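Have a look at entry33.cif; it's mmCIF, C-alpha atoms and all ligand atoms:
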```
data_my_file
loop_
_atom_site.label_atom_id
_atom_site.label_comp_id
_atom_site.auth_asym_id
_atom_site.auth_seq_id
_atom_site.Cartn_x
_atom_site.Cartn_y
_atom_site.Cartn_z
CA MET P 1236 5.85 19.02 -5.65
CA LEU P 1237 4.38 16.14 -3.66
CA SER P 1238 6.13 13.92 -1.16
CA VAL P 1239 4.44 11.15 0.78
CA GLN P 1240 6.35 9.94 3.84
CA GLY P 1241 5.54 7.02 6.12
CA LEU P 1242 1.88 7.11 5.21
CA LYS P 1243 -0.35 4.53 6.93
CA LYS P 1244 -4.04 3.74 6.84
CA SER P 1245 -5.70 0.60 8.11
CA PHE P 1246 -9.28 -0.60 7.88
CA GLY P 1247 -9.81 -3.09 10.68
CA GLY P 1248 -6.95 -5.51 10.28
CA ILE P 1249 -6.16 -4.56 6.69
CA LYS P 1250 -3.23 -2.26 6.05
CA ALA P 1251 -4.69 -0.52 3.00
CA VAL P 1252 -1.79 1.94 2.72
CA ASP P 1253 1.65 1.50 4.28
CA THR P 1254 3.82 3.57 1.99
CA SER P 1255 7.24 4.66 3.21
CA SER P 1256 7.92 7.12 0.42
CA LEU P 1257 6.45 8.32 -2.84
CA ASP P 1258 7.42 11.52 -4.66
CA VAL P 1259 6.02 13.47 -7.57
CA ALA P 1260 8.19 16.08 -9.26
CA GLY P 1261 6.49 19.13 -10.76
CA GLY P 1262 5.77 19.03 -14.47
CA GLY P 1263 5.73 15.28 -14.92
CA THR P 1264 3.35 12.37 -14.98
CA VAL P 1265 3.72 9.76 -12.29
CA GLY P 1266 1.77 6.54 -12.62
CA VAL P 1267 0.51 4.31 -9.82
CA ILE P 1268 -0.24 0.73 -10.73
CA GLY P 1269 -0.99 -2.38 -8.75
CA PRO P 1270 -3.45 -5.25 -8.52
CA ASN P 1271 -6.98 -4.97 -7.11
CA GLY P 1272 -7.02 -3.91 -3.48
CA ALA P 1273 -3.40 -2.70 -3.59
CA GLY P 1274 -4.38 0.56 -1.88
CA LYS P 1275 -4.25 2.90 -4.87
CA THR P 1276 -7.60 4.60 -4.33
CA THR P 1277 -7.04 4.79 -0.58
CA LEU P 1278 -3.71 6.52 -1.27
CA PHE P 1279 -5.56 9.08 -3.43
CA ASN P 1280 -8.22 9.53 -0.75
CA LEU P 1281 -5.52 10.31 1.80
CA ILE P 1282 -3.65 12.72 -0.48
CA SER P 1283 -6.78 14.59 -1.51
CA GLY P 1284 -8.22 14.81 2.02
CA PHE P 1285 -11.20 12.51 1.49
CA ASP P 1286 -9.87 10.22 4.18
CA LYS P 1287 -7.52 10.82 7.12
CA PRO P 1288 -4.25 8.88 7.51
CA ASP P 1289 -3.45 7.03 10.74
CA ASN P 1290 0.13 8.21 10.42
CA GLY P 1291 2.58 9.96 8.15
CA ALA P 1292 3.16 13.15 6.24
CA ILE P 1293 1.98 14.39 2.86
CA ILE P 1294 3.99 17.40 1.77
CA PHE P 1295 2.45 19.38 -1.06
CA ASP P 1296 4.14 22.57 -2.21
CA GLY P 1297 6.17 22.65 0.99
CA GLU P 1298 3.25 22.21 3.37
CA ASN P 1299 2.09 19.14 5.27
CA ILE P 1300 -1.48 18.56 4.13
CA ALA P 1301 -2.04 15.21 5.88
CA GLY P 1302 -5.46 15.23 7.51
CA LYS P 1303 -6.51 18.60 6.06
CA PRO P 1304 -10.04 18.86 4.68
CA SER P 1305 -10.43 18.20 0.96
CA ALA P 1306 -11.72 21.71 0.19
CA GLU P 1307 -8.61 23.28 1.66
CA ILE P 1308 -6.35 20.94 -0.31
CA ALA P 1309 -8.27 21.74 -3.50
CA ARG P 1310 -7.80 25.46 -2.82
CA MET P 1311 -4.05 24.86 -2.64
CA GLY P 1312 -4.20 23.52 -6.20
CA LEU P 1313 -4.31 19.77 -5.69
CA ILE P 1314 -7.43 18.47 -7.41
CA ARG P 1315 -8.71 14.96 -7.99
CA THR P 1316 -11.34 13.78 -10.39
CA PHE P 1317 -14.43 11.78 -9.55
CA GLN P 1318 -16.97 10.20 -11.75
CA LEU P 1319 -19.81 12.61 -12.43
CA SER P 1320 -22.47 12.21 -9.80
CA LYS P 1321 -26.06 11.53 -10.78
CA ALA P 1322 -27.25 15.06 -10.05
CA LEU P 1323 -24.70 16.54 -12.40
CA THR P 1324 -25.81 14.34 -15.27
CA ARG P 1325 -29.05 16.37 -15.26
CA LEU P 1326 -27.14 19.54 -15.99
CA THR P 1327 -25.76 20.43 -19.38
CA VAL P 1328 -22.11 20.02 -20.19
CA VAL P 1329 -21.39 23.74 -19.92
CA GLU P 1330 -23.39 24.02 -16.68
CA ASN P 1331 -21.19 21.28 -15.24
CA MET P 1332 -18.14 23.30 -16.18
CA MET P 1333 -19.54 26.41 -14.50
CA LEU P 1334 -20.21 24.43 -11.33
CA ALA P 1335 -16.61 23.31 -11.04
CA PRO P 1336 -14.94 23.95 -7.69
CA GLN P 1337 -13.49 27.40 -6.98
CA VAL P 1338 -15.36 29.20 -9.72
CA GLN P 1339 -18.52 30.04 -7.84
CA TYR P 1340 -17.82 33.68 -7.11
CA GLY P 1341 -21.44 34.58 -7.65
CA GLU P 1342 -22.59 32.11 -5.04
CA ARG P 1343 -22.14 34.36 -2.05
CA ILE P 1344 -25.27 36.35 -2.03
CA TRP P 1345 -23.70 39.51 -0.60
CA ASN P 1346 -21.29 39.54 -3.51
CA VAL P 1347 -24.18 39.73 -5.90
CA TRP P 1348 -25.61 42.71 -4.01
CA LEU P 1349 -22.41 44.52 -3.20
CA ARG P 1350 -20.35 43.83 -6.29
CA PRO P 1351 -22.65 42.82 -9.10
CA ARG P 1352 -20.28 44.02 -11.78
CA GLU P 1353 -17.32 41.94 -10.53
CA VAL P 1354 -19.50 38.88 -10.18
CA LYS P 1355 -20.77 39.31 -13.73
CA GLN P 1356 -17.27 39.81 -15.11
CA GLN P 1357 -16.06 36.78 -13.23
CA GLU P 1358 -18.92 34.72 -14.62
CA GLU P 1359 -18.10 35.80 -18.13
CA ALA P 1360 -14.43 34.97 -17.67
CA ASN P 1361 -15.40 31.55 -16.35
CA ARG P 1362 -17.69 30.93 -19.27
CA GLU P 1363 -14.89 31.79 -21.69
CA LYS P 1364 -12.56 29.46 -19.87
CA ALA P 1365 -15.20 26.72 -19.94
CA ILE P 1366 -15.75 27.15 -23.66
CA SER P 1367 -12.06 27.03 -24.49
CA LEU P 1368 -11.55 23.91 -22.35
CA LEU P 1369 -14.52 22.21 -24.01
CA GLU P 1370 -13.04 23.12 -27.36
CA PHE P 1371 -9.65 21.68 -26.37
CA PHE P 1372 -11.29 18.39 -25.38
CA GLY P 1373 -13.50 18.21 -28.47
CA LEU P 1374 -16.68 18.63 -26.43
CA LEU P 1375 -17.81 22.02 -27.66
CA SER P 1376 -20.54 20.63 -29.92
CA LYS P 1377 -21.96 18.89 -26.84
CA LYS P 1378 -21.99 21.96 -24.61
CA ASP P 1379 -25.78 22.17 -24.37
CA ASP P 1380 -26.38 18.41 -24.11
CA TYR P 1381 -27.13 16.86 -20.76
CA ALA P 1382 -23.95 15.46 -19.24
CA GLY P 1383 -25.89 12.23 -18.64
CA ALA P 1384 -26.21 11.74 -22.40
CA LEU P 1385 -22.45 11.65 -22.97
CA SER P 1386 -20.63 8.38 -23.60
CA GLY P 1387 -18.46 6.93 -20.83
CA GLY P 1388 -15.34 8.31 -22.44
CA GLN P 1389 -16.82 11.75 -22.98
CA LYS P 1390 -17.84 11.84 -19.32
CA ARG P 1391 -14.23 11.14 -18.40
CA LEU P 1392 -13.13 14.03 -20.58
CA LEU P 1393 -15.71 16.31 -18.98
CA GLU P 1394 -14.44 15.29 -15.54
CA ILE P 1395 -10.91 16.29 -16.49
CA ALA P 1396 -12.08 19.51 -18.15
CA ARG P 1397 -14.05 20.43 -15.02
CA ALA P 1398 -11.04 19.80 -12.82
CA LEU P 1399 -8.99 22.13 -15.02
CA MET P 1400 -11.49 24.96 -14.47
CA ALA P 1401 -9.95 25.35 -11.03
CA GLU P 1402 -6.48 25.83 -12.59
CA PRO P 1403 -4.86 23.16 -10.43
CA LYS P 1404 -1.12 22.76 -9.94
CA MET P 1405 -1.54 19.02 -9.81
CA LEU P 1406 -4.25 16.62 -10.88
CA LEU P 1407 -4.96 13.19 -9.42
CA LEU P 1408 -6.74 10.91 -11.86
CA ASP P 1409 -8.15 7.59 -10.63
CA GLU P 1410 -8.49 5.22 -13.59
CA PRO P 1411 -9.35 7.89 -16.17
CA PHE P 1412 -9.54 5.26 -18.90
CA SER P 1413 -11.86 2.74 -17.31
CA GLY P 1414 -14.91 2.17 -19.47
CA VAL P 1415 -13.38 4.22 -22.28
CA ASN P 1416 -13.06 2.75 -25.76
CA PRO P 1417 -9.57 2.37 -27.27
CA THR P 1418 -9.94 5.28 -29.71
CA LEU P 1419 -10.95 7.76 -27.05
CA THR P 1420 -8.35 6.31 -24.67
CA LYS P 1421 -5.67 7.21 -27.19
CA LYS P 1422 -7.12 10.70 -27.45
CA ILE P 1423 -7.19 11.19 -23.70
CA VAL P 1424 -3.56 10.04 -23.49
CA GLU P 1425 -2.69 12.70 -26.10
CA TYR P 1426 -4.60 15.41 -24.20
CA LEU P 1427 -2.83 14.53 -20.99
CA LYS P 1428 0.55 14.60 -22.73
CA THR P 1429 -0.22 18.03 -24.18
CA LEU P 1430 -1.26 19.34 -20.77
CA ARG P 1431 1.93 17.95 -19.27
CA GLU P 1432 3.97 19.74 -21.92
CA GLU P 1433 2.22 22.91 -20.82
CA GLY P 1434 3.43 22.29 -17.27
CA MET P 1435 0.63 20.34 -15.58
CA THR P 1436 1.63 17.70 -13.04
CA PHE P 1437 -0.25 14.41 -12.92
CA LEU P 1438 -0.53 11.47 -10.59
CA VAL P 1439 -2.50 8.77 -12.39
CA ILE P 1440 -3.87 5.43 -11.24
CA GLU P 1441 -4.35 2.88 -13.97
CA HIS P 1442 -4.84 -0.86 -14.18
CA ASP P 1443 -3.65 -1.24 -17.73
CA MET P 1444 0.14 -1.57 -17.74
CA HIS P 1445 0.37 -0.78 -21.43
CA ILE P 1446 -1.40 2.58 -21.17
CA ILE P 1447 0.34 3.70 -18.01
CA MET P 1448 3.74 2.88 -19.52
CA GLN P 1449 2.99 5.16 -22.47
CA LEU P 1450 1.85 7.99 -20.26
CA SER P 1451 4.20 8.02 -17.29
CA ASP P 1452 7.65 9.47 -16.75
CA PHE P 1453 7.95 7.50 -13.53
CA LEU P 1454 5.98 4.63 -12.02
CA TYR P 1455 5.19 3.31 -8.57
CA VAL P 1456 3.89 -0.21 -8.18
CA LEU P 1457 1.77 -0.84 -5.09
CA ASN P 1458 0.87 -4.18 -3.61
CA LYS P 1459 -0.87 -4.64 -0.27
CA GLY P 1460 -0.35 -0.98 0.54
CA LYS P 1461 3.39 -0.99 -0.03
CA VAL P 1462 5.57 0.26 -2.87
CA ILE P 1463 7.07 -2.95 -4.27
CA ALA P 1464 8.83 -1.30 -7.19
CA SER P 1465 9.44 2.11 -8.71
CA GLY P 1466 11.34 3.55 -11.61
CA VAL P 1467 11.01 4.61 -15.21
CA PRO P 1468 8.52 2.43 -17.12
CA GLU P 1469 11.24 0.43 -18.86
CA GLU P 1470 12.77 -0.63 -15.53
CA VAL P 1471 9.44 -1.52 -13.98
CA ARG P 1472 8.35 -3.56 -16.98
CA HIS P 1473 11.08 -6.11 -16.33
CA ASN P 1474 10.86 -6.18 -12.55
CA GLU P 1475 10.14 -9.68 -11.27
CA ARG P 1476 8.26 -8.54 -8.18
CA VAL P 1477 5.90 -6.62 -10.42
CA LEU P 1478 5.29 -9.57 -12.68
CA ASP P 1479 4.68 -11.76 -9.61
CA ALA P 1480 2.21 -9.28 -8.11
CA TYR P 1481 0.27 -9.15 -11.34
CA LEU P 1482 0.39 -12.79 -12.26
CA GLY P 1483 0.22 -14.46 -8.94
N1 LIG V 1501 -13.71 2.35 3.47
C1 LIG V 1501 -13.14 1.14 3.58
N2 LIG V 1501 -13.47 0.30 4.57
C2 LIG V 1501 -12.89 -0.90 4.71
N3 LIG V 1501 -11.93 -1.38 3.89
C3 LIG V 1501 -11.56 -0.58 2.86
C4 LIG V 1501 -12.13 0.71 2.64
N4 LIG V 1501 -11.55 1.27 1.56
C5 LIG V 1501 -10.67 0.36 1.11
N5 LIG V 1501 -10.67 -0.75 1.89
C6 LIG V 1501 -9.78 -1.92 1.72
O1 LIG V 1501 -8.46 -1.43 1.58
C7 LIG V 1501 -7.74 -2.15 0.59
C8 LIG V 1501 -7.28 -1.21 -0.51
O2 LIG V 1501 -8.39 -0.77 -1.27
P1 LIG V 1501 -8.29 0.28 -2.44
O3 LIG V 1501 -9.66 0.59 -2.88
O4 LIG V 1501 -7.46 1.42 -1.99
O5 LIG V 1501 -7.51 -0.55 -3.54
P2 LIG V 1501 -7.25 -0.22 -5.09
O6 LIG V 1501 -5.80 -0.45 -5.31
O7 LIG V 1501 -7.79 1.12 -5.44
O8 LIG V 1501 -8.07 -1.37 -5.81
P3 LIG V 1501 -8.81 -1.37 -7.25
O9 LIG V 1501 -7.74 -1.61 -8.26
O10 LIG V 1501 -9.75 -2.53 -7.15
O11 LIG V 1501 -9.51 -0.05 -7.42
C9 LIG V 1501 -8.69 -3.25 0.11
O12 LIG V 1501 -8.42 -4.42 0.83
C10 LIG V 1501 -10.06 -2.70 0.46
O13 LIG V 1501 -10.97 -3.74 0.67
MG MG V 1502 -9.20 1.79 -6.83
#
```

Before anything else, please render the file you have as structure tokens.
Ligand SMILES: Nc1ncnc2c1ncn2[C@@H]1O[C@H](COP(=O)(O)OP(=O)(O)OP(=O)(O)O)[C@@H](O)[C@H]1O
Ligand SMILES: [Mg+2]
Amino acid sequence: MLSVQGLKKSFGGIKAVDTSSLDVAGGGTVGVIGPNGAGKTTLFNLISGFDKPDNGAIIFDGENIAGKPSAEIARMGLIRTFQLSKALTRLTVVENMMLAPQVQYGERIWNVWLRPREVKQQEEANREKAISLLEFFGLLSKKDDYAGALSGGQKRLLEIARALMAEPKMLLLDEPFSGVNPTLTKKIVEYLKTLREEGMTFLVIEHDMHIIMQLSDFLYVLNKGKVIASGVPEEVRHNERVLDAYLG
């Protein structure tokens, strides 16, 4: 589904990403691990169009998306999560869901005038979708609370739920468990596994080796922008270069 080839991005003298190849098959979960500054977030920025590569190709669904604007990439079904911005914490949980990308059919004013019925129907369908996603993630009882009042872990869940409103083909999650307590972490892992069983494809960045090993079908280990190891979790666990990168 996704294939990264010869991807390069430097900041000044630092080669943040210098990745010869990285592939994600549809319907699986691929993990990206690596020490601080390894280039994981930069890699996600390049894939999702929030930053432009110096070089290389990013093939998603058969099309080279390298350098395309993020909105266009999102429309193709490749969505990444961000932490909720400040403004959105002043909206309720369900309002956040309704503001998710690609669901704002009522936004274009001429639509409201010319096709009020369609816009209304679309809004109702979106609300139903929002409610069922909130139910799936155990957030339904919070639907009218301000998003800002949620715990760190619940905010993470809301982020993922919002991303799913757009019915992506593939989700990029950057450290979805950071700041999340162990109980909720376990829950999120279960949700992600369930979604994967239903056919969702994930690329997930995570610091914690233990969690990512549980979650991933395949792992890439980055260090200084390069893939230093890859394989199924069991192989990677025993790889000396990985242990060196983490320990030293
Ligand atoms: N906008 C930027 N300007 C300058 N340098 C940057 C920029 N973004 C990232 N870098 C540098 O690129 C390298 C990779 O950073 P990146 O954030 O991608 O790493 P990471 O693997 O996500 O790290 P962490 O685990 O700490 O989140 C680092 O050396 C970082 O300082
Ligand atoms: Mg990062």

task: Could you tell me how far CA of Thr1436 (chain P) lies from CA of Ala1260 (chain P), in Å and to one decimal?
output: 7.7 Å

- prompt: Got a sec to check which residues lie within 12 Å of ligand MG 1502 (chain V), using only C-alpha atoms and all ligand atoms, and send them as an NGL selection string?
  reply: :P and (1251 or 1267-1280 or 1317 or 1408-1411 or 1413 or 1439-1442 or 1457 or 1460)

- request: Quick one: pull the distance between CA of Arg1472 (chain P) and atom O9 of ligand LIG 1501 (chain V), Å, one decimal.
  value: 18.4 Å

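Residues in contact range of Ala1292 (chain P), defined as at most 7 Å between all atoms listed in the file, with sequence neighbours fewer than 6 positions away removed, read Val1239, Gln1240, Gly1241, Leu1242, Asn1299 and Ala1301 of chain P.
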
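Relative to CA of Phe1295 (chain P), CA of Arg1431 (chain P) is found at 18.3 Å.
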
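Of the listed residues P:Asp1253, P:Asp1258, P:Glu1358, P:Asp1443, the one whose atoms come nearest to Ser1465 (chain P) is P:Asp1258, with distances taken using only C-alpha atoms.
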
message: Applying 9 Å and only C-alpha atoms, which residues near Glu1330 (chain P) remain after dropping the ones on its own chain fewer than 3 positions away? List them as a PyMOL selection string.
response: chain P and resi 1323+1326-1327+1333-1335+1378-1379+1382

query: P:Val1462, P:Ile1395, P:Ala1384, P:Leu1368: which is nearest ligand LIG 1501 (chain V), counting all atoms listed in the file?
result: P:Val1462

Centre, x/y/z edge lengths, axis-aligned box for ligand LIG 1501 (chain V) with 5 Å per side, as AutoDock Vina command-line options:
```
--center_x -9.8 --center_y -1.0 --center_z -1.8 --size_x 17.9 --size_y 16.8 --size_z 23.0
```

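Nearest residue to Ser1367 (chain P) among P:Leu1406, P:Met1400, P:Met1444, P:Val1424 is P:Met1400, counting all atoms listed in the file.
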
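With distances restricted to all atoms listed in the file, P:Val1252 is the closest residue to ligand LIG 1501 (chain V) from P:Leu1450, P:Ala1480, P:Val1252, P:Ala1398.
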
Saved region 1403-1419 of chain P from the preceding structure, N, CA and C atoms, as a PDB file, in the first residue's frame:
```pdb
ATOM      1  N   PRO P1403     -10.178   6.575   6.520  1.00  0.00           N
ATOM      2  CA  PRO P1403      -8.890   6.449   5.830  1.00  0.00           C
ATOM      3  C   PRO P1403      -8.614   5.013   5.387  1.00  0.00           C
ATOM      4  N   LYS P1404      -7.705   4.891   4.408  1.00  0.00           N
ATOM      5  CA  LYS P1404      -7.202   3.561   4.047  1.00  0.00           C
ATOM      6  C   LYS P1404      -6.047   3.203   4.955  1.00  0.00           C
ATOM      7  N   MET P1405      -5.332   4.239   5.389  1.00  0.00           N
ATOM      8  CA  MET P1405      -4.154   4.007   6.203  1.00  0.00           C
ATOM      9  C   MET P1405      -4.006   5.139   7.209  1.00  0.00           C
ATOM     10  N   LEU P1406      -3.642   4.755   8.431  1.00  0.00           N
ATOM     11  CA  LEU P1406      -3.468   5.738   9.498  1.00  0.00           C
ATOM     12  C   LEU P1406      -2.017   5.765   9.961  1.00  0.00           C
ATOM     13  N   LEU P1407      -1.483   6.975  10.108  1.00  0.00           N
ATOM     14  CA  LEU P1407      -0.147   7.148  10.671  1.00  0.00           C
ATOM     15  C   LEU P1407      -0.300   7.670  12.091  1.00  0.00           C
ATOM     16  N   LEU P1408       0.212   6.940  13.052  1.00  0.00           N
ATOM     17  CA  LEU P1408       0.088   7.354  14.447  1.00  0.00           C
ATOM     18  C   LEU P1408       1.475   7.623  15.019  1.00  0.00           C
ATOM     19  N   ASP P1409       1.692   8.859  15.470  1.00  0.00           N
ATOM     20  CA  ASP P1409       2.994   9.233  16.036  1.00  0.00           C
ATOM     21  C   ASP P1409       2.898   9.179  17.558  1.00  0.00           C
ATOM     22  N   GLU P1410       3.487   8.166  18.137  1.00  0.00           N
ATOM     23  CA  GLU P1410       3.495   7.944  19.580  1.00  0.00           C
ATOM     24  C   GLU P1410       2.104   8.050  20.216  1.00  0.00           C
ATOM     25  N   PRO P1411       1.192   7.182  19.791  1.00  0.00           N
ATOM     26  CA  PRO P1411      -0.182   7.267  20.312  1.00  0.00           C
ATOM     27  C   PRO P1411      -0.300   6.905  21.789  1.00  0.00           C
ATOM     28  N   PHE P1412       0.770   6.403  22.360  1.00  0.00           N
ATOM     29  CA  PHE P1412       0.685   5.988  23.771  1.00  0.00           C
ATOM     30  C   PHE P1412       1.444   6.904  24.714  1.00  0.00           C
ATOM     31  N   SER P1413       2.035   7.984  24.177  1.00  0.00           N
ATOM     32  CA  SER P1413       2.825   8.817  25.074  1.00  0.00           C
ATOM     33  C   SER P1413       1.899   9.592  26.002  1.00  0.00           C
ATOM     34  N   GLY P1414       2.214   9.577  27.281  1.00  0.00           N
ATOM     35  CA  GLY P1414       1.373  10.229  28.268  1.00  0.00           C
ATOM     36  C   GLY P1414       0.101   9.470  28.606  1.00  0.00           C
ATOM     37  N   VAL P1415       0.021   8.223  28.172  1.00  0.00           N
ATOM     38  CA  VAL P1415      -1.173   7.417  28.431  1.00  0.00           C
ATOM     39  C   VAL P1415      -0.847   6.380  29.514  1.00  0.00           C
ATOM     40  N   ASN P1416      -1.747   6.242  30.484  1.00  0.00           N
ATOM     41  CA  ASN P1416      -1.463   5.291  31.560  1.00  0.00           C
ATOM     42  C   ASN P1416      -1.538   3.846  31.050  1.00  0.00           C
ATOM     43  N   PRO P1417      -0.904   2.918  31.769  1.00  0.00           N
ATOM     44  CA  PRO P1417      -0.794   1.538  31.285  1.00  0.00           C
ATOM     45  C   PRO P1417      -2.142   0.864  30.987  1.00  0.00           C
ATOM     46  N   THR P1418      -3.159   1.157  31.792  1.00  0.00           N
ATOM     47  CA  THR P1418      -4.464   0.521  31.570  1.00  0.00           C
ATOM     48  C   THR P1418      -5.059   0.960  30.239  1.00  0.00           C
ATOM     49  N   LEU P1419      -5.024   2.278  30.006  1.00  0.00           N
ATOM     50  CA  LEU P1419      -5.594   2.790  28.769  1.00  0.00           C
ATOM     51  C   LEU P1419      -4.717   2.404  27.571  1.00  0.00           C
TER      52      LEU P1419
END
```
